[in-house]
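Trainee: Just one file: entry-v8.cif, with mmCIF, C-alpha atoms.
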data_structure
loop_
_atom_site.label_atom_id
_atom_site.label_comp_id
_atom_site.auth_asym_id
_atom_site.auth_seq_id
_atom_site.Cartn_x
_atom_site.Cartn_y
_atom_site.Cartn_z
CA MET U 140 27.84 -13.96 -47.04
CA LEU U 141 24.68 -14.45 -49.03
CA SER U 142 25.62 -12.41 -52.10
CA GLU U 143 28.84 -11.75 -53.92
CA PRO U 144 30.51 -8.32 -53.99
CA ARG U 145 29.75 -6.16 -57.02
CA SER U 146 33.44 -6.26 -57.93
CA GLY U 147 33.20 -10.04 -58.03
CA ARG U 148 30.27 -9.97 -60.45
CA LEU U 149 32.02 -7.42 -62.66
CA ALA U 150 35.29 -9.34 -62.75
CA ALA U 151 33.76 -12.79 -63.23
CA TRP U 152 31.29 -11.89 -65.98
CA GLY U 153 33.68 -9.37 -67.52
CA ASN U 154 36.25 -12.15 -67.81
CA ALA U 155 33.68 -14.45 -69.41
CA LEU U 156 32.85 -11.71 -71.91
CA LEU U 157 36.51 -11.04 -72.69
CA ALA U 158 36.95 -14.77 -73.32
CA GLY U 159 33.98 -14.82 -75.71
CA LEU U 160 32.03 -17.25 -73.50
CA VAL U 161 28.97 -15.03 -72.97
CA SER U 162 27.24 -12.29 -74.92
CA PRO U 163 27.51 -8.62 -73.88
CA ASP U 164 23.82 -8.59 -72.94
CA ASP U 165 24.14 -11.66 -70.71
CA ALA U 166 27.30 -10.31 -69.06
CA VAL U 167 25.74 -6.92 -68.28
CA LEU U 168 22.55 -8.55 -66.97
CA ALA U 169 24.57 -10.70 -64.55
CA ILE U 170 26.79 -7.82 -63.42
CA VAL U 171 23.92 -5.44 -62.72
CA GLY U 172 21.92 -8.09 -60.87
CA SER U 173 19.15 -6.50 -58.80
CA ASP U 174 20.59 -2.98 -59.16
CA ALA U 175 18.84 -0.47 -61.40
CA VAL U 176 21.81 0.56 -63.53
CA HIS U 177 25.62 0.58 -63.65
CA ARG U 178 27.73 3.22 -65.38
CA VAL U 179 31.47 3.79 -65.77
CA GLU U 180 32.96 7.25 -65.26
CA GLY U 181 36.47 8.42 -66.19
CA LEU U 182 37.05 5.85 -68.93
CA PRO U 183 39.88 6.96 -71.26
CA GLY U 184 38.41 8.50 -74.39
CA GLU U 185 35.01 9.20 -72.81
CA SER U 186 34.04 12.63 -71.47
CA ALA U 187 30.92 11.40 -69.66
CA PRO U 188 29.75 8.24 -67.87
CA VAL U 189 28.94 5.34 -70.20
CA GLY U 190 27.03 2.09 -69.88
CA LEU U 191 28.65 -1.22 -69.06
CA THR U 192 28.40 -2.63 -72.59
CA LEU U 193 30.36 0.27 -74.07
CA ALA U 194 32.76 0.34 -71.12
CA LEU U 195 33.69 -3.34 -71.37
CA GLY U 196 34.21 -3.00 -75.12
CA ARG U 197 36.42 0.04 -74.60
CA LEU U 198 38.47 -1.73 -71.95
CA ARG U 199 39.08 -4.59 -74.38
CA ALA U 200 40.20 -2.07 -77.02
CA LEU U 201 42.58 -0.52 -74.47
CA GLY U 202 44.32 -3.88 -74.06
CA VAL U 203 42.55 -5.34 -71.04
CA ARG U 204 42.87 -9.13 -71.09
CA GLY U 205 41.36 -9.92 -67.71
CA LEU U 206 39.90 -8.47 -64.52
CA ARG U 207 41.01 -9.07 -60.93
CA VAL U 208 39.18 -8.37 -57.65
CA ALA U 209 40.47 -6.51 -54.61
CA LEU U 210 38.68 -6.70 -51.23
CA PRO U 211 40.76 -4.46 -48.94
CA ALA U 212 40.15 -3.77 -45.26
CA PRO U 213 41.95 -1.44 -42.82
CA GLY U 214 45.50 -2.69 -42.47
CA HIS U 215 45.03 -5.27 -45.21
CA PRO U 216 45.33 -3.98 -48.83
CA LEU U 217 44.16 -7.31 -50.24
CA GLY U 218 44.44 -7.42 -54.04
CA LEU U 219 45.72 -3.85 -54.43
CA SER U 220 48.96 -2.68 -56.03
CA GLY U 221 48.74 1.13 -55.75
CA PRO U 222 49.04 4.00 -56.22
CA PRO U 223 47.91 5.40 -52.84
CA GLU U 224 45.06 7.39 -54.40
CA PHE U 225 43.47 4.29 -55.90
CA ASN U 226 44.09 2.25 -52.76
CA ALA U 227 42.34 4.88 -50.64
CA ARG U 228 39.25 4.88 -52.88
CA ALA U 229 39.17 1.09 -52.91
CA LEU U 230 39.54 0.89 -49.14
CA GLU U 231 36.64 3.31 -48.67
CA ALA U 232 34.45 1.17 -50.96
CA GLU U 233 35.89 -2.06 -49.49
CA GLU U 234 36.26 -3.45 -53.02
CA ALA U 235 37.64 -2.73 -56.47
CA VAL U 236 38.40 -4.30 -59.85
CA VAL U 237 41.93 -4.11 -61.26
CA CYS U 238 42.49 -4.56 -65.00
CA HIS U 239 45.09 -6.98 -66.34
CA GLY U 240 46.72 -5.70 -69.52
CA ALA U 241 46.11 -1.98 -68.92
CA ALA U 242 47.01 0.18 -65.91
CA LEU U 243 43.40 0.89 -64.93
CA GLY U 244 41.14 0.05 -62.02
CA LEU U 245 37.46 0.46 -61.22
CA VAL U 246 35.98 1.43 -57.84
CA PRO U 247 32.19 1.36 -57.26
CA GLU U 248 30.19 4.19 -55.75
CA VAL U 249 26.68 3.09 -54.75
CA HIS U 250 23.68 5.44 -54.66
CA GLU U 251 20.27 4.50 -53.22
CA ALA U 252 17.03 6.39 -53.81
CA GLY U 253 13.33 5.81 -53.18
CA PRO U 254 11.08 4.90 -50.26
CA ASP U 255 11.42 1.79 -48.11
CA GLY U 256 10.37 -1.24 -50.08
CA ASP U 257 11.03 0.45 -53.41
CA VAL U 258 14.69 1.45 -53.23
CA HIS U 259 16.53 1.83 -56.53
CA VAL U 260 20.27 1.25 -56.52
CA GLU U 261 22.54 2.92 -59.06
CA VAL U 262 26.26 2.18 -59.26
CA VAL U 263 28.95 4.39 -60.77
CA TRP U 264 32.29 2.70 -61.38
CA HIS U 265 35.12 5.24 -61.22
CA CYS U 266 37.91 4.34 -63.65
CA LEU U 267 41.30 5.35 -62.24
CA PRO U 268 44.99 4.69 -62.99
CA VAL U 269 46.67 1.86 -61.10
CA ARG U 270 50.23 0.66 -60.67
CA GLU U 271 51.12 -2.42 -62.71
CA ALA U 272 52.48 -4.71 -60.00
CA PRO U 273 51.55 -8.02 -58.36
CA PRO U 274 48.41 -7.68 -56.18
CA ALA U 275 48.96 -7.70 -52.43
CA ASP U 276 48.51 -10.88 -50.35
CA VAL U 277 46.50 -12.96 -52.85
CA PRO U 278 46.98 -16.72 -52.29
CA SER U 279 46.77 -19.47 -54.88
CA LEU U 280 43.56 -21.49 -55.04
CA GLY U 281 45.26 -24.42 -53.32
CA GLU U 282 46.56 -22.24 -50.51
CA ALA U 283 43.16 -20.57 -50.09
CA GLU U 284 41.36 -23.92 -49.86
CA ARG U 285 43.74 -25.23 -47.19
CA GLU U 286 43.59 -21.99 -45.20
CA LEU U 287 39.76 -21.97 -45.30
CA ALA U 288 39.48 -25.51 -43.97
CA GLU U 289 41.87 -24.78 -41.10
CA ALA U 290 40.33 -21.41 -40.20
CA LEU U 291 36.78 -22.76 -40.28
CA ARG U 292 37.67 -25.68 -38.04
CA ASP U 293 39.51 -23.54 -35.49
CA ALA U 294 36.92 -20.75 -35.41
CA THR U 295 33.97 -23.16 -35.14
CA ALA U 296 35.55 -24.80 -32.10
CA VAL U 297 36.14 -21.46 -30.35
CA LEU U 298 32.70 -20.03 -31.22
CA ALA U 299 30.90 -23.18 -30.07
CA ARG U 300 32.81 -23.14 -26.77
CA LEU U 301 31.77 -19.52 -26.21
CA ASP U 302 28.14 -20.26 -27.20
CA VAL U 303 28.16 -17.68 -29.98
CA ALA U 304 24.97 -17.40 -32.05
CA GLY U 305 26.89 -17.87 -35.28
CA SER U 306 27.68 -21.48 -34.37
CA GLY U 307 24.17 -22.64 -33.46
CA PRO U 308 20.72 -23.29 -34.99
CA VAL U 309 20.32 -19.75 -36.36
CA ALA U 310 23.49 -20.16 -38.38
CA GLU U 311 22.47 -23.60 -39.62
CA ALA U 312 19.08 -22.28 -40.76
CA ALA U 313 20.74 -19.44 -42.65
CA VAL U 314 23.20 -21.82 -44.29
CA GLU U 315 20.34 -24.10 -45.35
CA ALA U 316 18.52 -21.13 -46.88
CA TYR U 317 21.74 -20.21 -48.67
CA ARG U 318 22.07 -23.73 -50.06
CA ALA U 319 18.43 -23.81 -51.17
CA ARG U 320 18.84 -20.60 -53.08
CA ALA U 321 21.99 -21.93 -54.72
CA GLU U 322 20.16 -25.06 -55.79
CA ARG U 323 17.49 -22.94 -57.49
CA GLY U 324 20.05 -21.93 -60.08
CA ARG U 325 22.33 -19.23 -58.64
CA GLU U 326 25.60 -19.29 -60.55
CA VAL U 327 28.53 -18.94 -58.18
CA LEU U 328 30.96 -17.95 -60.93
CA ALA U 329 30.72 -17.15 -64.61
CA PRO U 330 31.55 -19.62 -67.40
CA GLY U 331 35.26 -20.26 -67.92
CA TYR U 332 36.29 -20.60 -64.29
CA PRO U 333 37.90 -23.86 -63.08
CA PRO U 334 35.79 -26.09 -60.77
CA ARG U 335 38.24 -25.53 -57.92
CA ALA U 336 37.58 -21.79 -58.03
CA VAL U 337 33.83 -22.46 -57.72
CA ARG U 338 34.44 -24.76 -54.74
CA VAL U 339 36.71 -22.24 -53.00
CA LEU U 340 34.27 -19.38 -53.53
CA GLU U 341 31.32 -21.40 -52.20
CA LEU U 342 33.25 -22.25 -49.03
CA ALA U 343 34.48 -18.66 -48.65
CA GLN U 344 30.91 -17.38 -48.93
CA ARG U 345 29.76 -19.82 -46.28
CA VAL U 346 32.58 -18.69 -43.99
CA GLY U 347 31.59 -15.07 -44.58
CA LEU U 348 27.98 -15.88 -43.74
CA LEU U 349 28.91 -17.50 -40.44
CA VAL U 350 31.13 -14.58 -39.48
CA SER U 351 28.34 -12.12 -40.33
CA LEU U 352 25.85 -14.07 -38.24
CA ALA U 353 28.23 -14.14 -35.29
CA HIS U 354 28.64 -10.36 -35.52
CA GLU U 355 24.95 -9.60 -36.01
CA ASN U 356 23.44 -11.78 -33.29
CA GLY U 357 24.91 -10.23 -30.17
CA HIS U 358 27.45 -11.70 -27.81
CA GLY U 359 25.81 -15.09 -27.31
CA GLY U 360 27.13 -16.69 -24.15
CA ALA U 361 30.37 -14.69 -24.17
CA VAL U 362 29.55 -12.62 -21.10
CA SER U 363 32.99 -11.77 -19.75
CA ALA U 364 35.43 -9.32 -21.29
CA SER U 365 37.98 -12.08 -21.79
CA GLU U 366 35.42 -14.31 -23.54
CA MET U 367 34.29 -11.48 -25.82
CA GLY U 368 37.94 -10.77 -26.61
CA ALA U 369 38.46 -14.43 -27.48
CA ARG U 370 35.44 -14.31 -29.74
CA VAL U 371 36.74 -11.28 -31.64
CA ALA U 372 40.17 -12.88 -31.90
CA ALA U 373 38.55 -16.03 -33.33
CA LEU U 374 36.52 -14.13 -35.93
CA ARG U 375 39.26 -11.82 -37.16
CA PRO U 376 41.55 -14.40 -38.82
CA VAL U 377 38.68 -16.41 -40.32
CA GLU U 378 37.14 -13.26 -41.82
CA ARG U 379 40.53 -12.33 -43.29
CA THR U 380 41.00 -15.86 -44.63
CA GLY U 381 37.53 -15.78 -46.20
CA ARG U 382 38.27 -12.52 -48.01
CA ARG U 383 41.61 -13.88 -49.26
CA ALA U 384 39.88 -16.98 -50.58
CA GLN U 385 37.20 -14.96 -52.37
CA VAL U 386 39.85 -12.90 -54.13
CA ALA U 387 41.79 -16.04 -55.09
CA ALA U 388 38.63 -17.56 -56.59
CA TYR U 389 37.62 -14.48 -58.58
CA ASN U 390 41.20 -13.96 -59.79
CA ALA U 391 41.66 -17.58 -60.86
CA TYR U 392 40.71 -16.75 -64.46
CA VAL U 393 43.58 -14.27 -64.84
CA GLU U 394 46.02 -16.49 -62.94
CA GLU U 395 45.25 -19.41 -65.27
CA ARG U 396 45.86 -17.25 -68.34
CA GLU U 397 49.22 -16.07 -66.99
CA ARG U 398 50.58 -19.62 -66.61
#
As structure tokens - that is how I would like this structure written.

Mentor:
Amino acid sequence: MLSEPRSGRLAAWGNALLAGLVSPDDAVLAIVGSDAVHRVEGLPGESAPVGLTLALGRLRALGVRGLRVALPAPGHPLGLSGPPEFNARALEAEEAVVCHGAALGLVPEVHEAGPDGDVHVEVVWHCLPVREAPPADVPSLGEAERELAEALRDATAVLARLDVAGSGPVAEAAVEAYRARAERGREVLAPGYPPRAVRVLELAQRVGLLVSLAHENGHGGAVSASEMGARVAALRPVERTGRRAQVAAYNAYVEERER
């Protein structure tokens, strides 16, 4: 995928802020990105939504020592630990941030307004109670890196055999554009993350991009029902592996602190 999930930006730059590696202004600027504004609703001690600067400071005061990412999908509660109410909200949003050190989690709700070409995006993070337990199905960085290499190799072979668009020139052009943008200064992770986490996230994002291209560009040469079924079967595990690797990379900061 070409851009990181909002939960990834919040966790990565929130962790850098908690570690004292970036200023509040720099952290908020990176988290908001191209959105118009982010607010946090339901924060303990606050009766109304507050800005990110105040919210991150309040979370620190509440005992938060780190932030983890969850990227759940139907049948796969990746990074979640409950309760069911929080899991349901996170699954609907397809992402969430879970606090380490306080039983709280944050789920984004995205609002868009304005005409085509001038759309303003506002994000409200809903702060909700979570269960303090190990997150579901999150691999170590080493496991994620090995799984990514295997899944990418297997899926590329199947997609190329079926003549899927995501394995041809269109995909290569998109990947080259992705690399060019990265070389212009896009930071993959915030300061404080280990180099291996950066490497894993870059590869996971490339895998996500290829999967997205394969989904978006029709059925390619897979004209029979059996071939289309094989294509779906090839994409499903690599997409799951890519999401697991992203979560492992974003959560590496907290995992390192717990050692």

Trainee: Please write as a VMD selection string the full residue list that the PyMOL selection byres ((chain U and resi 228) around 10) yields on this file.

Mentor: chain U and resid 223 to 227 229 to 235 245 to 248 265 267

Trainee: Take the residues that were just selected and, keeping C-alpha atoms, output them as a CSV table (one decimal), in the coordinates of the input.

Mentor:
chain,number,residue,atom,x,y,z
U,223,PRO,CA,47.9,5.4,-52.8
U,224,GLU,CA,45.1,7.4,-54.4
U,225,PHE,CA,43.5,4.3,-55.9
U,226,ASN,CA,44.1,2.2,-52.8
U,227,ALA,CA,42.3,4.9,-50.6
U,229,ALA,CA,39.2,1.1,-52.9
U,230,LEU,CA,39.5,0.9,-49.1
U,231,GLU,CA,36.6,3.3,-48.7
U,232,ALA,CA,34.4,1.2,-51.0
U,233,GLU,CA,35.9,-2.1,-49.5
U,234,GLU,CA,36.3,-3.4,-53.0
U,235,ALA,CA,37.6,-2.7,-56.5
U,245,LEU,CA,37.5,0.5,-61.2
U,246,VAL,CA,36.0,1.4,-57.8
U,247,PRO,CA,32.2,1.4,-57.3
U,248,GLU,CA,30.2,4.2,-55.8
U,265,HIS,CA,35.1,5.2,-61.2
U,267,LEU,CA,41.3,5.4,-62.2

Trainee: Taking all atoms listed in the file into account, name the residue in U:Ala209, U:Val377, U:Ala175, U:Ala272 that is nearest to Val258 in chain U.

Mentor: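 Among the listed residues, U:Ala175 lies closest to Val258 in chain U.
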
Trainee: What is the CA of Val371 in chain U-CA of Glu341 in chain U distance in Å, reported with one decimal?

Mentor: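 So the two atoms, CA of Val371 in chain U and CA of Glu341 in chain U, lie 23.5 Å apart.
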
Trainee: Find the residues around range 278-287 of chain U up to 6 Å (all atoms listed in the file counted), leave out those fewer than 3 positions away in its own chain, and share them as a VMD selection string.

Mentor: chain U and resid 290 to 291 339 384 387

Trainee: Would you put the residues from that selection into a file with C-alpha atoms, as a tab-separated table (two decimals), in the frame of the given file?

Mentor:
chain	number	residue	atom	x	y	z
U	290	ALA	CA	40.33	-21.41	-40.20
U	291	LEU	CA	36.78	-22.76	-40.28
U	339	VAL	CA	36.71	-22.24	-53.00
U	384	ALA	CA	39.88	-16.98	-50.58
U	387	ALA	CA	41.79	-16.04	-55.09

Trainee: Which residue, U:Ala275, U:Gly218, U:Ala151, U:Trp264, has the smallest gap to Glu180 in chain U when you use all atoms listed in the file?

Mentor: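 Of U:Ala275, U:Gly218, U:Ala151, U:Trp264, the one nearest Glu180 in chain U, counting all atoms listed in the file, is U:Trp264.
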
Trainee: From the set U:Pro163, U:Arg335, U:Gly184, U:Ala372, which residue has the shortest atom-to-atom contact distance to Asp293 in chain U, counting all atoms listed in the file?

Mentor: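 Result for the nearest residue to Asp293 in chain U: U:Ala372.
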
Trainee: For each of U:Glu251, U:Asp164, U:Glu378, U:Glu185, take the minimum atom-to-atom distance to Leu348 in chain U, counting all atoms listed in the file, then give the residue where this is smallest.

Mentor: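 Of U:Glu251, U:Asp164, U:Glu378, U:Glu185, the one nearest Leu348 in chain U, counting all atoms listed in the file, is U:Glu378.
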
Trainee: So the first atom is CA of Leu206 in chain U and the second is CA of Glu289 in chain U; what is the distance between them in Å, to one decimal place?

Mentor: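 Distance reported for this atom pair: 28.6 Å.
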
Trainee: From the set U:Gly181, U:Pro144, U:Gly347, U:Pro333, which residue has the shortest atom-to-atom contact distance to Val236 in chain U, counting all atoms listed in the file?

Mentor: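 Of U:Gly181, U:Pro144, U:Gly347, U:Pro333, the one nearest Val236 in chain U is U:Pro144, counting all atoms listed in the file.
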
Trainee: Given all atoms listed in the file as the basis, pick out the residue of U:Ala388, U:Leu340, U:Leu195, U:Val277 nearest to Leu157 in chain U.

Mentor: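 Among the listed residues, the smallest separation from Leu157 in chain U belongs to U:Leu195.
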
Trainee: One decimal, in Å: what's the spacing between CA of Cys266 in chain U and CA of Val237 in chain U?

Mentor: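 According to the coordinates, CA of Cys266 in chain U and CA of Val237 in chain U are separated by 9.7 Å.
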
Trainee: For Ala150 in chain U, work out the shell of residues within 9 Å, counting all atoms listed in the file and skipping chain neighbours fewer than 3 positions away, then give it as a list in words.

Mentor: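 Answer for this query is Arg145, Ser146, Gly147, Gly153, Asn154, Ala155, Ile170, Gly205, Leu206, Arg207, Val208, Val236, Val237, Cys238, Tyr389 and Asn390 of chain U.
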
Trainee: Please list as a PyMOL selection string every residue within 10 Å of Leu198 in chain U, counting only C-alpha atoms and excluding residues in the same chain fewer than 5 positions away.

Mentor: chain U and resi 157+182-183+193+203-205+238+240-241+243

Trainee: Contacts of Ala194 in chain U at 9 Å or less, counting only C-alpha atoms, minus same-chain residues fewer than 5 places along, as a list in words?

Mentor: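 Residues meeting the cut-off are Arg178, Val179, Leu182, Val189 and Arg199 of chain U.
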